[in-house]
Amino acid sequence: MVLLEAFGIRQCFGGLVALDQVSFKVQAGTIKAVIGPNGAGKTTLFNIVSGIFPPTAGKIVLEDRQITGLKPFQVAALGISRTFQNPSLFAHLSVLENVMVGRHGRTYGGLFNCSLRLPAQRRAEREARDFALDCLDRVGLAWMASESAQALSFGQRRMVELARALATEPKLLLLDEPASGLNTRETGDLAKLIGRIRQSGVTILLVEHDMALVMEISDDILVLHFGTPIAEGPPAQIQNDPKVIAVYLGEDSNVAASKEPEMRLR
Amino acid sequence: MNRRNYFHLLLLAAAVILIQLCASGLNKEFYLTQLTMSAYYSLVVLGLCLLMGCAGQASLGHGAFFAIGGYMSAVLTTHNLAVWQKAVWAGWLQRAGVLVLQDNLFDGTSQLVFTPWAAFLAAMVFTIVIAILVGYPSLRLKGHYLAMATLGFSLIVYRLLLASPLTGSADGINGVPPWPILPGLTVSGEKPLRISNYYLSWLIAMMALVLLMNLVHSRVGRALRAIHDGETAANAMGINTGRFKLMAFVVSALLAAAAGSFLTHYNAGIGPSEASAMKSVRYVTLVAVGGMDNFWGSLLMSVLLNFLSLRGYFGTYDHAVFGIILILIISLMPDGPFKPLGNLIQRLSTNRIAGGKEKHGSA
């Protein structure tokens, strides 16, 4: 089953064409990676899918529903959550509160209920707290719950951001370079964590530069180069694709293909 | 509200009672008048604390909202509608308690005016409408558009109040009747009612404090604080940022307008200076000096500085004093004086504990 499908996405910033003719599908329950050199338009693509800005042309469909042009909070309500390339936690909130913000769209309570702290509100608050703690536990940071978000290391911020995204109970999780800034051990943990998240039924779309990680966990890879897709397929196929090798090595594709491309991509 | 906050609230209530007892005992009850007014002004500051401290949206128009509330109450409760007295709807509204026939304080003629409660509710509804009109366009954008929009708005309101005969031009409106807010409780500056009004104003201020602190530590408050720290991330996490910013703006405008209504009935009048940009800057100063998102700090500083200002300690430098305080706070201690003080106390106490442990270890 196709969870997300993009049709002919085009994005221009002034005269710059950041994305052009980008079409792809994400199968439900899989991990799909988007790779490409810096400036290939990967993060732009994420921003379009998550509604940060609408594409210049093209459309995006989530489970038969057009989501092009929706605002981020509307996209989030439909089940797409994301992390950011630079972890963007809410600095003045505690770690637990940060994750509880992720529960916002799954809980109710307006001005009246909240300012009077009505019993229903208190119960909802407790449930949100428990759920958030559970999410923190999944990324292994429940013990940091009451710390300030500013007290965390870079790697921990990434994990809390992931927990916050999980707290929205997404169908599709967008991870923007989840391994950047992590050390080898943390990256290994991340790979296991992403595997577990997929096991729990969440589909994952990720942008990543760590090729070892991408090749290890993805089912399917989309390669972008200067805003256009140049290859799509399972890792084994991408590793041997002459066009991809040329893009990554900047050499003549025939020469590159003869020089053990798999090694170089790793 | 957690247990510590309830303890602080008890302390505040005790202080309020103690001050009244001292003032009455020392035969200096006139101090209570300024403290009552300070409590009402603090409502504006508490509301602005929610908007600026929590949601991170600066407003330079809260003086105008205060004036809107005050003038709505003043105009509706003093403007004579006798021309329409014969109309059928006037009779209906009189029976419904919206309009009332009243003796004019000056010439003894009877006049048809709005009751204070009706005027107050009308002021609240009007404020919601105005706040949405001012806030909606600027809050849909990211950045400091609200500060600019509200500054322009407050200048317009000030000029309109000065120009319109309906609002008494430069003289403002006098002779606003007392407001029987509950059976046996009347908002009025008359001397025999001084103590009851003092307690009423502080009850209202404390109620606002409790409601706002509940709000901040809830789903809504978390959303507002998240918007302050990162609007894009908040939006991506499912928060309708535009709506929540507007909500905070309307709530804080409502508190300002309510304060205006109360104080106008208490002072029996209101003047256009309440809407001046200087007043709006003063409210911003009081929020900043309290520590931006610190309701307790803002309340204390607001009462202290408003009291000193109302007693005339700043003399002709009144506005200048608030300006200087704002500059000093922003340049020297942007978190306000309370947070660094709290950190210092915490450091000293942990040092002592650590030192004690060390001694224990060596012995």
# chains A, B, ... in the order shown; residues from 1 in each chain; ligands from 1

$ residues_around --residues "region 143-149 of chain B" --least-positions-apart "2" --cutoff "6 Å" --atoms "only C-alpha atoms" --output "compact mmCIF listing (two decimals) with N, CA, C and O atoms, in the first residue's frame"
# COMPACT_ATOMS: atom_id res chain seq x y z
N ALA B 58 5.19 40.87 21.59
CA ALA B 58 5.20 42.16 22.28
C ALA B 58 4.01 43.00 21.83
O ALA B 58 3.67 43.03 20.65
N SER B 59 3.38 43.66 22.78
CA SER B 59 2.29 44.57 22.45
C SER B 59 2.56 45.94 23.04
O SER B 59 2.89 46.06 24.21
N LEU B 60 2.44 46.96 22.23
CA LEU B 60 2.56 48.33 22.72
C LEU B 60 1.19 49.00 22.68
O LEU B 60 1.08 50.21 22.55
N SER B 138 -1.70 40.77 11.96
CA SER B 138 -0.28 40.81 12.31
C SER B 138 0.21 39.50 12.92
O SER B 138 1.38 39.18 12.83
N LEU B 151 1.27 49.48 18.35
CA LEU B 151 1.72 50.86 18.60
C LEU B 151 0.87 51.83 17.77
O LEU B 151 0.35 52.82 18.28
N GLY B 152 0.72 51.50 16.49
CA GLY B 152 -0.12 52.34 15.63
C GLY B 152 -1.54 52.42 16.17
O GLY B 152 -2.14 53.49 16.25

$ interface_residues --of "chain A" --to "chain B" --cutoff "8 Å" --atoms "only C-alpha atoms" --output "PyMOL selection string"
chain A and resi 50+52+72-77+81-82+88-93+97-98+101-102+104-105+109-111+114-117+125+165+168

$ select_by_dssp --residues "region 52-264 of chain B" --states "strand (DSSP E)" --output "list in words"
Leu99, Val100, Leu101, Gln102, Asp103, Ser110, Gln111, Leu112, Val113, Phe114, Ile173, Asn174, Trp179, Pro180, Ile181, Leu182, Leu185, Thr186 and Val187 of chain B

$ write_last_selection --atoms "all heavy atoms" --output "short mmCIF file (atom, residue, chain, number, x, y, z; two decimals), in the first residue's frame"
data_model
loop_
_atom_site.label_atom_id
_atom_site.label_comp_id
_atom_site.auth_asym_id
_atom_site.auth_seq_id
_atom_site.Cartn_x
_atom_site.Cartn_y
_atom_site.Cartn_z
N LEU B 99 -30.56 48.69 30.83
CA LEU B 99 -30.64 50.14 30.98
C LEU B 99 -31.29 50.45 32.32
O LEU B 99 -32.01 49.64 32.89
CB LEU B 99 -31.50 50.75 29.86
CG LEU B 99 -30.95 50.63 28.43
CD1 LEU B 99 -31.94 51.23 27.45
CD2 LEU B 99 -29.60 51.29 28.30
N VAL B 100 -31.01 51.67 32.82
CA VAL B 100 -31.59 52.06 34.09
C VAL B 100 -31.83 53.57 34.11
O VAL B 100 -31.09 54.33 33.48
CB VAL B 100 -30.68 51.61 35.27
CG1 VAL B 100 -29.38 52.40 35.29
CG2 VAL B 100 -31.40 51.71 36.59
N LEU B 101 -32.90 53.98 34.74
CA LEU B 101 -33.17 55.41 34.92
C LEU B 101 -32.44 55.87 36.17
O LEU B 101 -32.57 55.26 37.22
CB LEU B 101 -34.68 55.65 35.08
CG LEU B 101 -35.46 56.07 33.84
CD1 LEU B 101 -36.92 56.22 34.18
CD2 LEU B 101 -34.90 57.35 33.24
N GLN B 102 -31.67 56.94 36.03
CA GLN B 102 -30.82 57.33 37.15
C GLN B 102 -30.82 58.84 37.30
O GLN B 102 -30.95 59.57 36.32
CB GLN B 102 -29.40 56.86 36.83
CG GLN B 102 -28.53 56.71 38.02
CD GLN B 102 -27.23 56.05 37.61
OE1 GLN B 102 -26.58 56.51 36.67
NE2 GLN B 102 -26.87 54.99 38.28
N ASP B 103 -30.64 59.30 38.54
CA ASP B 103 -30.55 60.74 38.75
C ASP B 103 -29.16 61.22 38.37
O ASP B 103 -28.17 60.62 38.74
CB ASP B 103 -30.82 61.08 40.22
CG ASP B 103 -32.28 60.85 40.58
OD1 ASP B 103 -33.11 60.87 39.64
OD2 ASP B 103 -32.58 60.62 41.76
N SER B 110 -33.36 63.18 35.66
CA SER B 110 -33.19 61.74 35.52
C SER B 110 -32.72 61.43 34.11
O SER B 110 -33.08 62.10 33.14
CB SER B 110 -34.51 61.04 35.86
OG SER B 110 -35.20 60.75 34.69
N GLN B 111 -31.84 60.44 34.02
CA GLN B 111 -31.28 60.08 32.71
C GLN B 111 -31.31 58.56 32.54
O GLN B 111 -31.24 57.81 33.51
CB GLN B 111 -29.87 60.62 32.58
CG GLN B 111 -28.94 60.19 33.70
CD GLN B 111 -27.53 60.72 33.50
OE1 GLN B 111 -27.27 61.50 32.60
NE2 GLN B 111 -26.63 60.27 34.36
N LEU B 112 -31.40 58.19 31.27
CA LEU B 112 -31.45 56.76 30.95
C LEU B 112 -30.06 56.30 30.52
O LEU B 112 -29.51 56.79 29.52
CB LEU B 112 -32.45 56.52 29.81
CG LEU B 112 -32.73 55.07 29.47
CD1 LEU B 112 -33.44 54.36 30.60
CD2 LEU B 112 -33.56 54.99 28.19
N VAL B 113 -29.45 55.41 31.31
CA VAL B 113 -28.08 54.97 31.00
C VAL B 113 -27.98 53.44 31.12
O VAL B 113 -28.88 52.78 31.64
CB VAL B 113 -27.06 55.60 31.96
CG1 VAL B 113 -26.96 57.09 31.75
CG2 VAL B 113 -27.41 55.27 33.40
N PHE B 114 -26.85 52.91 30.68
CA PHE B 114 -26.58 51.48 30.83
C PHE B 114 -26.24 51.19 32.29
O PHE B 114 -25.65 52.02 32.97
CB PHE B 114 -25.40 51.06 29.95
CG PHE B 114 -25.77 50.77 28.54
CD1 PHE B 114 -25.93 51.79 27.62
CD2 PHE B 114 -25.98 49.46 28.12
CE1 PHE B 114 -26.28 51.52 26.31
CE2 PHE B 114 -26.32 49.19 26.81
CZ PHE B 114 -26.48 50.22 25.90
N ILE B 173 -14.00 61.62 30.96
CA ILE B 173 -15.37 61.50 31.46
C ILE B 173 -15.36 61.45 32.97
O ILE B 173 -14.58 60.71 33.57
CB ILE B 173 -16.05 60.24 30.89
CG1 ILE B 173 -16.18 60.36 29.37
CG2 ILE B 173 -17.42 60.04 31.53
CD1 ILE B 173 -16.72 59.13 28.71
N ASN B 174 -16.21 62.28 33.59
CA ASN B 174 -16.34 62.26 35.05
C ASN B 174 -17.73 61.79 35.43
O ASN B 174 -18.60 61.64 34.58
CB ASN B 174 -16.12 63.66 35.61
CG ASN B 174 -14.69 64.09 35.42
OD1 ASN B 174 -13.77 63.33 35.66
ND2 ASN B 174 -14.50 65.30 34.92
N TRP B 179 -20.25 50.86 40.89
CA TRP B 179 -20.69 49.61 40.26
C TRP B 179 -21.01 48.58 41.35
O TRP B 179 -20.08 48.03 41.95
CB TRP B 179 -19.57 49.12 39.34
CG TRP B 179 -19.80 47.79 38.68
CD1 TRP B 179 -20.94 47.04 38.68
CD2 TRP B 179 -18.84 47.06 37.92
NE1 TRP B 179 -20.77 45.90 37.96
CE2 TRP B 179 -19.49 45.88 37.47
CE3 TRP B 179 -17.52 47.27 37.55
CZ2 TRP B 179 -18.83 44.93 36.70
CZ3 TRP B 179 -16.88 46.33 36.78
CH2 TRP B 179 -17.52 45.17 36.36
N PRO B 180 -22.31 48.33 41.57
CA PRO B 180 -22.65 47.28 42.54
C PRO B 180 -22.38 45.92 41.91
O PRO B 180 -23.24 45.36 41.24
CB PRO B 180 -24.16 47.49 42.78
CG PRO B 180 -24.54 48.68 41.98
CD PRO B 180 -23.49 48.92 40.96
N ILE B 181 -21.18 45.42 42.14
CA ILE B 181 -20.71 44.25 41.38
C ILE B 181 -21.35 42.97 41.90
O ILE B 181 -21.68 42.06 41.13
CB ILE B 181 -19.18 44.21 41.40
CG1 ILE B 181 -18.64 43.21 40.39
CG2 ILE B 181 -18.62 43.97 42.77
CD1 ILE B 181 -17.17 43.39 40.11
N LEU B 182 -21.53 42.87 43.21
CA LEU B 182 -22.22 41.74 43.84
C LEU B 182 -23.09 42.33 44.94
O LEU B 182 -22.83 43.46 45.38
CB LEU B 182 -21.19 40.77 44.46
CG LEU B 182 -20.35 39.93 43.53
CD1 LEU B 182 -19.29 39.18 44.32
CD2 LEU B 182 -21.22 38.94 42.75
N LEU B 185 -21.47 44.48 47.63
CA LEU B 185 -20.10 44.81 47.23
C LEU B 185 -20.15 45.79 46.05
O LEU B 185 -20.70 45.47 45.01
CB LEU B 185 -19.36 43.54 46.83
CG LEU B 185 -17.85 43.53 46.95
CD1 LEU B 185 -17.39 43.93 48.33
CD2 LEU B 185 -17.32 42.15 46.61
N THR B 186 -19.59 46.98 46.26
CA THR B 186 -19.67 47.99 45.23
C THR B 186 -18.29 48.51 44.87
O THR B 186 -17.50 48.82 45.76
CB THR B 186 -20.55 49.16 45.72
OG1 THR B 186 -21.84 48.66 46.02
CG2 THR B 186 -20.67 50.24 44.67
N VAL B 187 -17.99 48.57 43.56
CA VAL B 187 -16.74 49.16 43.12
C VAL B 187 -16.90 50.67 43.14
O VAL B 187 -17.64 51.24 42.33
CB VAL B 187 -16.35 48.70 41.71
CG1 VAL B 187 -15.05 49.34 41.28
CG2 VAL B 187 -16.24 47.19 41.66
#

$ select_by_dssp --residues "region 37-126 of chain A" --states "alpha helix (DSSP H)" --output "VMD selection string"
chain A and resid 42 to 49 72 to 77 95 to 101 111 to 116 119 to 126

$ decode --residues "region 271-299 of chain B" --atoms "N, CA, C and O atoms" --output "PDB file, in the first residue's frame"
ATOM      1  N   GLY B 271      -9.483  59.506  31.900  1.00  0.00           N
ATOM      2  CA  GLY B 271      -8.992  60.533  30.984  1.00  0.00           C
ATOM      3  C   GLY B 271      -8.205  59.921  29.848  1.00  0.00           C
ATOM      4  O   GLY B 271      -7.806  58.754  29.918  1.00  0.00           O
ATOM      5  N   PRO B 272      -7.963  60.676  28.794  1.00  0.00           N
ATOM      6  CA  PRO B 272      -7.298  60.125  27.605  1.00  0.00           C
ATOM      7  C   PRO B 272      -5.845  59.704  27.847  1.00  0.00           C
ATOM      8  O   PRO B 272      -5.309  58.910  27.081  1.00  0.00           O
ATOM      9  N   SER B 273      -5.224  60.231  28.910  1.00  0.00           N
ATOM     10  CA  SER B 273      -3.816  59.880  29.129  1.00  0.00           C
ATOM     11  C   SER B 273      -3.647  58.376  29.358  1.00  0.00           C
ATOM     12  O   SER B 273      -2.560  57.826  29.162  1.00  0.00           O
ATOM     13  N   GLU B 274      -4.727  57.692  29.765  1.00  0.00           N
ATOM     14  CA  GLU B 274      -4.644  56.243  29.965  1.00  0.00           C
ATOM     15  C   GLU B 274      -4.313  55.512  28.669  1.00  0.00           C
ATOM     16  O   GLU B 274      -3.790  54.409  28.699  1.00  0.00           O
ATOM     17  N   ALA B 275      -4.680  56.131  27.536  1.00  0.00           N
ATOM     18  CA  ALA B 275      -4.459  55.458  26.252  1.00  0.00           C
ATOM     19  C   ALA B 275      -3.135  55.860  25.619  1.00  0.00           C
ATOM     20  O   ALA B 275      -2.800  55.378  24.544  1.00  0.00           O
ATOM     21  N   SER B 276      -2.378  56.735  26.270  1.00  0.00           N
ATOM     22  CA  SER B 276      -1.162  57.239  25.630  1.00  0.00           C
ATOM     23  C   SER B 276      -0.122  56.122  25.496  1.00  0.00           C
ATOM     24  O   SER B 276      -0.116  55.153  26.260  1.00  0.00           O
ATOM     25  N   ALA B 277       0.749  56.294  24.510  1.00  0.00           N
ATOM     26  CA  ALA B 277       1.777  55.280  24.270  1.00  0.00           C
ATOM     27  C   ALA B 277       2.681  55.133  25.493  1.00  0.00           C
ATOM     28  O   ALA B 277       3.208  54.047  25.764  1.00  0.00           O
ATOM     29  N   MET B 278       2.856  56.215  26.254  1.00  0.00           N
ATOM     30  CA  MET B 278       3.699  56.135  27.450  1.00  0.00           C
ATOM     31  C   MET B 278       3.164  55.099  28.435  1.00  0.00           C
ATOM     32  O   MET B 278       3.916  54.392  29.090  1.00  0.00           O
ATOM     33  N   LYS B 279       1.838  55.058  28.534  1.00  0.00           N
ATOM     34  CA  LYS B 279       1.229  54.075  29.445  1.00  0.00           C
ATOM     35  C   LYS B 279       1.505  52.655  28.955  1.00  0.00           C
ATOM     36  O   LYS B 279       1.819  51.765  29.732  1.00  0.00           O
ATOM     37  N   SER B 280       1.376  52.457  27.643  1.00  0.00           N
ATOM     38  CA  SER B 280       1.635  51.128  27.093  1.00  0.00           C
ATOM     39  C   SER B 280       3.075  50.711  27.348  1.00  0.00           C
ATOM     40  O   SER B 280       3.356  49.561  27.687  1.00  0.00           O
ATOM     41  N   VAL B 281       3.995  51.666  27.199  1.00  0.00           N
ATOM     42  CA  VAL B 281       5.406  51.374  27.461  1.00  0.00           C
ATOM     43  C   VAL B 281       5.597  51.025  28.939  1.00  0.00           C
ATOM     44  O   VAL B 281       6.359  50.134  29.288  1.00  0.00           O
ATOM     45  N   ARG B 282       4.854  51.715  29.786  1.00  0.00           N
ATOM     46  CA  ARG B 282       4.947  51.439  31.225  1.00  0.00           C
ATOM     47  C   ARG B 282       4.565  49.988  31.529  1.00  0.00           C
ATOM     48  O   ARG B 282       5.247  49.307  32.298  1.00  0.00           O
ATOM     49  N   TYR B 283       3.497  49.499  30.890  1.00  0.00           N
ATOM     50  CA  TYR B 283       3.093  48.107  31.136  1.00  0.00           C
ATOM     51  C   TYR B 283       4.181  47.142  30.667  1.00  0.00           C
ATOM     52  O   TYR B 283       4.479  46.149  31.337  1.00  0.00           O
ATOM     53  N   VAL B 284       4.766  47.442  29.503  1.00  0.00           N
ATOM     54  CA  VAL B 284       5.842  46.592  28.993  1.00  0.00           C
ATOM     55  C   VAL B 284       7.014  46.601  29.984  1.00  0.00           C
ATOM     56  O   VAL B 284       7.604  45.560  30.291  1.00  0.00           O
ATOM     57  N   THR B 285       7.323  47.787  30.513  1.00  0.00           N
ATOM     58  CA  THR B 285       8.405  47.909  31.493  1.00  0.00           C
ATOM     59  C   THR B 285       8.140  47.014  32.697  1.00  0.00           C
ATOM     60  O   THR B 285       9.031  46.309  33.177  1.00  0.00           O
ATOM     61  N   LEU B 286       6.904  47.053  33.171  1.00  0.00           N
ATOM     62  CA  LEU B 286       6.584  46.285  34.376  1.00  0.00           C
ATOM     63  C   LEU B 286       6.693  44.783  34.125  1.00  0.00           C
ATOM     64  O   LEU B 286       7.105  44.027  35.012  1.00  0.00           O
ATOM     65  N   VAL B 287       6.335  44.362  32.920  1.00  0.00           N
ATOM     66  CA  VAL B 287       6.504  42.937  32.592  1.00  0.00           C
ATOM     67  C   VAL B 287       7.991  42.590  32.534  1.00  0.00           C
ATOM     68  O   VAL B 287       8.430  41.575  33.071  1.00  0.00           O
ATOM     69  N   ALA B 288       8.786  43.476  31.922  1.00  0.00           N
ATOM     70  CA  ALA B 288      10.224  43.211  31.772  1.00  0.00           C
ATOM     71  C   ALA B 288      10.910  43.194  33.133  1.00  0.00           C
ATOM     72  O   ALA B 288      11.743  42.332  33.415  1.00  0.00           O
ATOM     73  N   VAL B 289      10.551  44.153  33.986  1.00  0.00           N
ATOM     74  CA  VAL B 289      11.217  44.251  35.274  1.00  0.00           C
ATOM     75  C   VAL B 289      10.810  43.084  36.179  1.00  0.00           C
ATOM     76  O   VAL B 289      11.529  42.718  37.106  1.00  0.00           O
ATOM     77  N   GLY B 290       9.684  42.476  35.889  1.00  0.00           N
ATOM     78  CA  GLY B 290       9.259  41.320  36.680  1.00  0.00           C
ATOM     79  C   GLY B 290       9.915  40.037  36.221  1.00  0.00           C
ATOM     80  O   GLY B 290       9.840  39.011  36.889  1.00  0.00           O
ATOM     81  N   GLY B 291      10.558  40.070  35.046  1.00  0.00           N
ATOM     82  CA  GLY B 291      11.223  38.873  34.548  1.00  0.00           C
ATOM     83  C   GLY B 291      10.502  38.234  33.381  1.00  0.00           C
ATOM     84  O   GLY B 291      10.604  37.036  33.155  1.00  0.00           O
ATOM     85  N   MET B 292       9.747  39.004  32.626  1.00  0.00           N
ATOM     86  CA  MET B 292       9.070  38.575  31.388  1.00  0.00           C
ATOM     87  C   MET B 292       8.037  37.460  31.584  1.00  0.00           C
ATOM     88  O   MET B 292       6.859  37.701  31.432  1.00  0.00           O
ATOM     89  N   ASP B 293       8.479  36.235  31.905  1.00  0.00           N
ATOM     90  CA  ASP B 293       7.476  35.171  32.019  1.00  0.00           C
ATOM     91  C   ASP B 293       7.228  34.839  33.492  1.00  0.00           C
ATOM     92  O   ASP B 293       6.765  33.758  33.821  1.00  0.00           O
ATOM     93  N   ASN B 294       7.514  35.791  34.366  1.00  0.00           N
ATOM     94  CA  ASN B 294       7.380  35.545  35.795  1.00  0.00           C
ATOM     95  C   ASN B 294       6.181  36.323  36.335  1.00  0.00           C
ATOM     96  O   ASN B 294       6.257  37.534  36.562  1.00  0.00           O
ATOM     97  N   PHE B 295       5.056  35.608  36.516  1.00  0.00           N
ATOM     98  CA  PHE B 295       3.836  36.290  36.962  1.00  0.00           C
ATOM     99  C   PHE B 295       4.025  36.903  38.350  1.00  0.00           C
ATOM    100  O   PHE B 295       3.574  38.007  38.614  1.00  0.00           O
ATOM    101  N   TRP B 296       4.704  36.173  39.226  1.00  0.00           N
ATOM    102  CA  TRP B 296       4.899  36.676  40.583  1.00  0.00           C
ATOM    103  C   TRP B 296       5.742  37.943  40.574  1.00  0.00           C
ATOM    104  O   TRP B 296       5.396  38.936  41.211  1.00  0.00           O
ATOM    105  N   GLY B 297       6.853  37.874  39.840  1.00  0.00           N
ATOM    106  CA  GLY B 297       7.745  39.027  39.783  1.00  0.00           C
ATOM    107  C   GLY B 297       7.048  40.245  39.206  1.00  0.00           C
ATOM    108  O   GLY B 297       7.156  41.353  39.728  1.00  0.00           O
ATOM    109  N   SER B 298       6.282  40.027  38.119  1.00  0.00           N
ATOM    110  CA  SER B 298       5.594  41.149  37.490  1.00  0.00           C
ATOM    111  C   SER B 298       4.537  41.732  38.411  1.00  0.00           C
ATOM    112  O   SER B 298       4.364  42.950  38.476  1.00  0.00           O
ATOM    113  N   LEU B 299       3.845  40.861  39.118  1.00  0.00           N
ATOM    114  CA  LEU B 299       2.811  41.353  40.038  1.00  0.00           C
ATOM    115  C   LEU B 299       3.446  42.219  41.136  1.00  0.00           C
ATOM    116  O   LEU B 299       3.001  43.337  41.402  1.00  0.00           O
TER     117      LEU B 299
END
